[in-house]
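Asker: Dropping a structure here in structure tokens format, bear with me for questions.
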Amino acid sequence: MAQIRVERLRKAFHDFVAVQNSTFTIENGTFFVMLGPSGCGKTTTLRMIAGLELPSEGRILLEGEDVTFLRAAERDIAFVFQLFALYPHMNVADNIGFPLKCQGVAREEIRKQVTEAARLLRIEHLLSRKVSNLSGGDRQRVALGRAIVRRPEAFLMDEPLGALDAELRRDMSEELRNLHDRIEATTVYVTHDQLEAMSMADRIAVMNHGFVEQIGSPQEIYDLPATVFVADFVGSPPMNFIPFEGRLARADRAVQPGEASVAIPEARENGASPSLVLGVRPEHVTFSDASAIRGRVFGAEYLGTTQIVTVDTERGQIKARLPSLLRVRAGETVGLAFKSESLIVFDGASGRAMRSALHEGRAHG
Amino acid sequence: MAEIALKGVSKRFGDIEAVHDLSLEIAAGEFVVLLGPTGAGKTTTLRLIAGLEKPDRGAVAIEGRDVTKEPPAARDVAFVFQQYSLYPHLSVYDNLAFPLRAPSRKIPEAEIRKRVRDIAELLRIAGKLDNRATRLSGGEMQRVAIGRALVRRPAVYLMDEPLSSLDAKLRADLRLELKRIQGELGATMLYVTHDQIEAMTMASRIGVIRNGNLIQIGTPREIYESPNDVYVATRLGSPQINLIPADLAPESATPPGARTIGVRTEHLEITRPNGGLVGKVHRVEHLGDQNHVHIDFRGRSLVTLADPHRPLGAGEEVGLALIAPLFFDAAGRRLRQATE
């Protein structure tokens with residue numbers, strides 16, 4: 001199992017820069033997710049780690065060894081694609097054993113390895129079946145089996161569940177994570193689905209326009225987003241953003257978006273820009289008759305345990321996640337209060353989160 | 001009066017009975033969502049109402065009039081499909097005006113202009129009316145497709161997973177928009193989806209459908225809080241309801257005949273180990289606003305929500321208290337307590 005290190009990695013296709021100057025380390029045994037919208041450079045980065053693309057600049061180290069210019073086959077890693085390419089004329093066991101057969105491994109050894117992989121994936125009962133008769137989930141399990149059987153240093157996965165329907169996706173993502181817990185191989189996983197990233201990852205790299213915007217544990221990314229982009233991309237519904245004119249100075253403990261003053265975690269830096277954005281997660285919004293921030297309820301979306309209430313205010317729509325026991329009527333006027341100790345202020349020009357007391361005493365990466 | 005009434009409708013394709021003896025009444029202004037997996041019979045039900053399929057048995061009525069034998073054009077319905085089919089060579093305006101320009105309608109151009117403008121305002125695409133349909137984003141195209149259904153003002157709107165081809169953020173926006181538009185127009189809508197979030201957030205009533213049978217119909221709250229059987233219970237709720245064999249927790253006060261205990265996150269309280277039921281934390285999933293805690297309980301895995309800032313770690317032993325869980329019998333039917 002291996003540590004993967006990416007140094008000043010850059011990739012340009014003609015005029016288009018897909019990946020810009022990325023540096024990060026994926027520690028041995030980590031489940032590392034690269035998350036971002038389409039075109040953010042996550043798949044290109046993965047393909048460079050795999051050896052399917054050559055970088056324009058920078059280098060890639062696998063367990064300390066420079067593999068930047070090694071061919072894919074010379075790197076000890078397994079790639080799992082979104083579309084499971086299985087050999088339709090072979091049965092499950094032969095599909096899983098195929099990479100070993102190509103390496104000239106003895107037949108008895110192949111049988112042993114295939115059985116072991118099938119056991120890990122819990123598909124032992126399918127080994128003699130034709131792959132063409134399998135369900136989508138089982139086909140993807142066989143594709144994973146083919147990756148596992150090689151016992152590679154690392155697994156690279158490019159939206160491996162993207163082709164499956166929602167329910168199966170959820171089951172498979174849990175299975176994949178459990179599999180990782182059993183074999184503990186370094187895994188780099190690419191997805192645009194923030195929930196999948198949050199539920200599976202040890203660490204997440206959020207990417208946008210070829211840049212890594214932030215790397216951290218799911219909880220860090222969620223609680224302390226480094227930029228407006230990250231705060232908007234992670235979380236459903238996303239963070240509420242309230243733009244306003246104003247300056248922030250070190251030791252400030254409140255901001256003035258409009259008439260109301262809102263308490264915030266104590267600022268730890270001076271802001272340069274005259275415009276700011278207050279960021280509030282929906283679960284940190286409550287109704288309060290005493291609050292000066294008023295709005296009209298636009299609609300409520302029932303979700304079982306909780307509901308999402310959308311409120312039209314002078315500063316735009318604000319979404320609140322509230323217990324579903326609370327009865328809410330569209331059209332009624334409500335006051336909104338924010339949970340001060342969780343608020344984030346962003347610089348309006350750069351979109352960067354300003355440092356505050358909230359950032360202290362938390363692990364960083 | 002019911003805008004849509006299905007009475008004992010069945011439809012078979014070869015060996016498969018796609019819809020079985022289905023009866024359903026939808027009142028004027030209601031937003032009914034049929035929820036079920038692929039192949040449950042949702043789309044067939046819509047097509048039977050639209051007249052795109054003929055039922056083998058039963059009757060379909062729209063606005064009190066039996067339309068079972070009428071062709072689609074004679075029924076006052078609009079259908080929105082999963083894949084938006086716009087005319088690529090026409091502008092957004094002309095795409096929206098198209099259904100009004102049918103020769104049989106004889107609507108004056110001034111009236112068409114007014115209706116198209118109104119609908120475009122409602123859908124917030126008024127600024128795009130002169131654009132070619134192909135020069136729109138996915139979300140805008142789907143709004144135009146929905147607009148084309150709305151502009152005709154039919155008695156009922158039938159929608160077949162109209163949001164499923166959009167990305168997550170757009171889907172969330174359009175969910176709320178569609179609900180608002182439906183409310184403002186007072187439209188009667190039958191909407192089918194396999195997405196429980198869409199069903200819960202938009203529906204006045206949800207009909208849960210499985211293998212061609214309508215199993216339960218009720219408000220989202222009724223379906224979530226008071227499912228009639230195990231299957232319905234598993235359709236709504238995230239994380240999914242935990243199902244525990246009743247003999248695995250003999251300590252809990254199960255009613256006679258109970259074989260399965262259904263435990264939603266709000267039925268499960270995590271406490272310090274206190275001599276009652278005990279489980280062991282297997283993994284904590286950080287989903288940001290909430291944590292999914294996976295707990296090993298007597299060889300079963302339970303998933304429940306926990307406060308993200310409550311320190312729970314893998315391997316930790318926790319006490320488990322069941323608070324008014326749901327009970328099901330051997331056939332999966334709900335056992336209701338005498339107090340209910």
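How things are named: the first chain in the structure tokens is A, the next is B, and so on; residues count from 1 in each chain; ligands count from 1 in the order shown.
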I'd like the contact shell of stretch 329-337 of chain B - 6 Å cut-off, only C-alpha atoms, skipping same-chain residues fewer than 4 positions apart - returned as number ranges by chain.
Answerer: B: 228-230, 257-259
Asker: For the residues in the current selection, export C-alpha atoms as a PDB file, in the first residue's frame.
Answerer:
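So the final result, stored in again_30.pdb, reads:
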```pdb
ATOM      1  CA  ASN B 228     -49.056   0.735   6.370  1.00  0.00           C
ATOM      2  CA  ASP B 229     -46.320  -1.774   5.744  1.00  0.00           C
ATOM      3  CA  VAL B 230     -42.596  -2.401   5.750  1.00  0.00           C
ATOM      4  CA  GLY B 257     -47.490 -10.885  16.427  1.00  0.00           C
ATOM      5  CA  ALA B 258     -44.680  -8.412  15.825  1.00  0.00           C
ATOM      6  CA  ARG B 259     -41.856  -9.891  13.761  1.00  0.00           C
TER       7      ARG B 259
END
```
Asker: Could you please select, counting only C-alpha atoms, the residues of chain B within 9 Å of chain A and state them as an NGL selection string?
Answerer: :B and (168-169 or 172 or 176 or 179-180 or 194-197 or 200-202 or 220-221 or 224-225 or 236-238 or 265-266 or 284-289 or 292 or 308)
Asker: One decimal, in Å: what's the spacing between atom CA of B:Leu90 and atom CA of B:Met159?
Answerer: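 Atom CA of B:Met159 lies at a distance of 23.2 Å from atom CA of B:Leu90.
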Asker: As number ranges by chain, please: all residues of stretch 95-300 of chain B that backbone DSSP puts in strand (DSSP E or B).
Answerer: B: 132, 156-160, 188-193, 205-210, 213-218, 229, 242-245, 260-263, 268-271, 277-286, 291-297, 300
Asker: So that I can check the surroundings of A:Gln214, please list as a ChimeraX atom specification every protein, DNA and RNA residue that reaches within 8 Å of it, counting only C-alpha atoms and ignoring chain neighbours fewer than 4 positions away.
Answerer: /A:204-207,221,225-226,230
Asker: Take the residues from that selection and write them out as a compact mmCIF listing (two decimals), in the first residue's frame, keeping N, CA and C atoms.
Answerer:
```
# COMPACT_ATOMS: atom_id res chain seq x y z
N ILE A 204 -11.08 15.06 1.66
CA ILE A 204 -11.65 15.52 0.40
C ILE A 204 -10.79 16.65 -0.14
N ALA A 205 -10.53 16.63 -1.45
CA ALA A 205 -9.95 17.79 -2.13
C ALA A 205 -11.06 18.38 -3.00
N VAL A 206 -11.46 19.62 -2.72
CA VAL A 206 -12.49 20.26 -3.53
C VAL A 206 -11.79 21.03 -4.64
N MET A 207 -12.15 20.74 -5.89
CA MET A 207 -11.48 21.37 -7.03
C MET A 207 -12.44 22.25 -7.81
N ILE A 221 -14.19 20.50 5.91
CA ILE A 221 -14.65 21.12 4.67
C ILE A 221 -16.03 21.74 4.88
N PRO A 225 -15.34 25.98 5.48
CA PRO A 225 -15.01 26.07 4.06
C PRO A 225 -14.03 27.22 3.83
N ALA A 226 -13.02 26.99 2.98
CA ALA A 226 -11.99 27.99 2.77
C ALA A 226 -12.46 29.09 1.83
N VAL A 230 -16.40 26.48 -2.11
CA VAL A 230 -16.48 25.24 -1.34
C VAL A 230 -17.76 25.23 -0.50
```
Asker: Under the rule of at most 8 Å, produce a per-residue listing of stretch 146-263 of chain B near stretch 98-119 of chain B: chain, number, name, the closest pair of atoms, and the distance in Å, as JSON lines, using only C-alpha atoms.
Answerer:
```
{"residue": "B:Gly147", "atom": "CA", "partner": "B:Ile119", "partner_atom": "CA", "distance": 6.3}
{"residue": "B:Arg148", "atom": "CA", "partner": "B:Pro99", "partner_atom": "CA", "distance": 6.9}
{"residue": "B:Leu150", "atom": "CA", "partner": "B:Ile119", "partner_atom": "CA", "distance": 7.2}
{"residue": "B:Val151", "atom": "CA", "partner": "B:Ile119", "partner_atom": "CA", "distance": 6.3}
{"residue": "B:Arg152", "atom": "CA", "partner": "B:Leu100", "partner_atom": "CA", "distance": 6.6}
```
Asker: Between B:Leu86, B:Ala28, B:Ala203, B:Ala2, which residue has the minimum interatomic distance to B:Thr188, considering only C-alpha atoms?
Answerer: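 Closest residue, counting only C-alpha atoms: B:Ala28.
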Asker: Could you name the residues that touch A:Ile264 at 6 Å or less, counting only C-alpha atoms, but leaving out those on the same chain fewer than 4 positions away, as a list in words?
Answerer: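 The contact residues come out as Arg253, Ala254, Ser340 and Leu343 of chain A.
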Asker: Quick one: residues within 9 Å of B:Asn242, only C-alpha atoms, excluding same-chain residues fewer than 6 positions away - as a VMD selection string?
Answerer: chain B and resid 234 261 to 265 301 to 304
Asker: Would you return as a compact mmCIF listing (two decimals) with N, CA and C atoms, in the first residue's frame the members of stretch 184-228 of chain A that DSSP assigns to helix (DSSP H, G or I) on this structure's backbone?
Answerer:
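File states-v2.txt, as written:
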```txt
# COMPACT_ATOMS: atom_id res chain seq x y z
N GLN A 194 -21.43 15.58 -3.93
CA GLN A 194 -20.88 15.99 -2.64
C GLN A 194 -21.28 15.05 -1.51
N LEU A 195 -22.48 14.49 -1.59
CA LEU A 195 -22.93 13.60 -0.52
C LEU A 195 -22.11 12.31 -0.52
N GLU A 196 -21.82 11.81 -1.73
CA GLU A 196 -20.98 10.63 -1.86
C GLU A 196 -19.61 10.92 -1.25
N ALA A 197 -19.06 12.09 -1.58
CA ALA A 197 -17.75 12.48 -1.05
C ALA A 197 -17.79 12.56 0.47
N MET A 198 -18.80 13.24 1.00
CA MET A 198 -18.89 13.40 2.44
C MET A 198 -19.02 12.06 3.15
N SER A 199 -19.80 11.15 2.57
CA SER A 199 -20.07 9.91 3.29
C SER A 199 -18.92 8.91 3.18
N MET A 200 -18.10 9.01 2.12
CA MET A 200 -17.07 7.99 1.95
C MET A 200 -15.67 8.41 2.38
N PRO A 218 -14.06 15.58 5.82
CA PRO A 218 -15.40 16.04 5.46
C PRO A 218 -15.94 17.09 6.45
N GLN A 219 -15.73 16.87 7.72
CA GLN A 219 -16.28 17.82 8.70
C GLN A 219 -15.59 19.19 8.62
N GLU A 220 -14.27 19.19 8.39
CA GLU A 220 -13.56 20.47 8.22
C GLU A 220 -14.06 21.24 7.01
N ILE A 221 -14.19 20.50 5.91
CA ILE A 221 -14.65 21.12 4.67
C ILE A 221 -16.03 21.74 4.88
N TYR A 222 -16.85 21.05 5.63
CA TYR A 222 -18.22 21.51 5.84
C TYR A 222 -18.28 22.67 6.83
N ASP A 223 -17.58 22.52 7.95
CA ASP A 223 -17.67 23.53 9.01
C ASP A 223 -16.83 24.76 8.71
N VAL A 228 -15.99 30.68 -0.80
CA VAL A 228 -17.42 30.67 -1.10
C VAL A 228 -17.75 29.47 -1.99
```
Asker: Have a look at A:Asp252, A:Ser56, A:His89, A:Gly51 and name the one nearest to A:Arg71; count only C-alpha atoms.
Answerer: A:Gly51
Asker: May I have the residues within 12 Å of B:Lys128 as a list of chain:residue names, using only C-alpha atoms and disregarding those fewer than 5 positions away in the same chain?
Answerer: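 The residues satisfying every condition are B:Ser91, B:Val92, B:Tyr93, B:Asp94, B:Asn95, B:Leu96, B:Val116, B:Arg117, B:Ala120, B:Glu121, B:Leu123, B:Ala133, B:Thr134, B:Arg135, B:Leu136, B:Ser137, B:Glu140, B:Met141, B:Arg143, B:Val144.
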Asker: Rounded to one decimal, what separation in Å do you get between atom CA of A:Glu27 and atom CA of A:Gln3?
Answerer: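 Between atom CA of A:Glu27 and atom CA of A:Gln3 the gap works out to 4.8 Å.
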Asker: Report as a ChimeraX atom specification all protein, DNA and RNA residues lying within 8 Å of stretch 13-27 of chain B, evaluated on only C-alpha atoms, omitting residues in the same chain fewer than 5 positions from it.
Answerer: /B:1-8,32,39-41,44-45,57-58,188,211-214
Asker: Which of these, A:Leu144, A:Ala272, A:Leu168, A:Ala85, has the shortest distance to A:Ser132 once you count only C-alpha atoms?
Answerer: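 With only C-alpha atoms as the atom set, the closest residue is A:Ala85.
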Asker: Between B:Phe327, B:Gly315, B:Asp296, B:Val278, which has the minimum distance to B:Pro255 (counting only C-alpha atoms)?
Answerer: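 Smallest separation from B:Pro255 among the options: B:Phe327.
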Asker: Rank B:Gly36, B:Pro55, B:Gly299, B:Pro227 by their smallest atom-to-atom distance to B:Pro245, using only C-alpha atoms, and report the top residue only.
Answerer: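 Ranking B:Gly36, B:Pro55, B:Gly299, B:Pro227 by distance to B:Pro245, first place goes to B:Gly299.
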Asker: Between B:Asp76, B:Val281, B:Gly139, B:Leu312, which has the minimum distance to B:Gly64 (counting only C-alpha atoms)?
Answerer: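 Selected residue with least distance to B:Gly64: B:Asp76.
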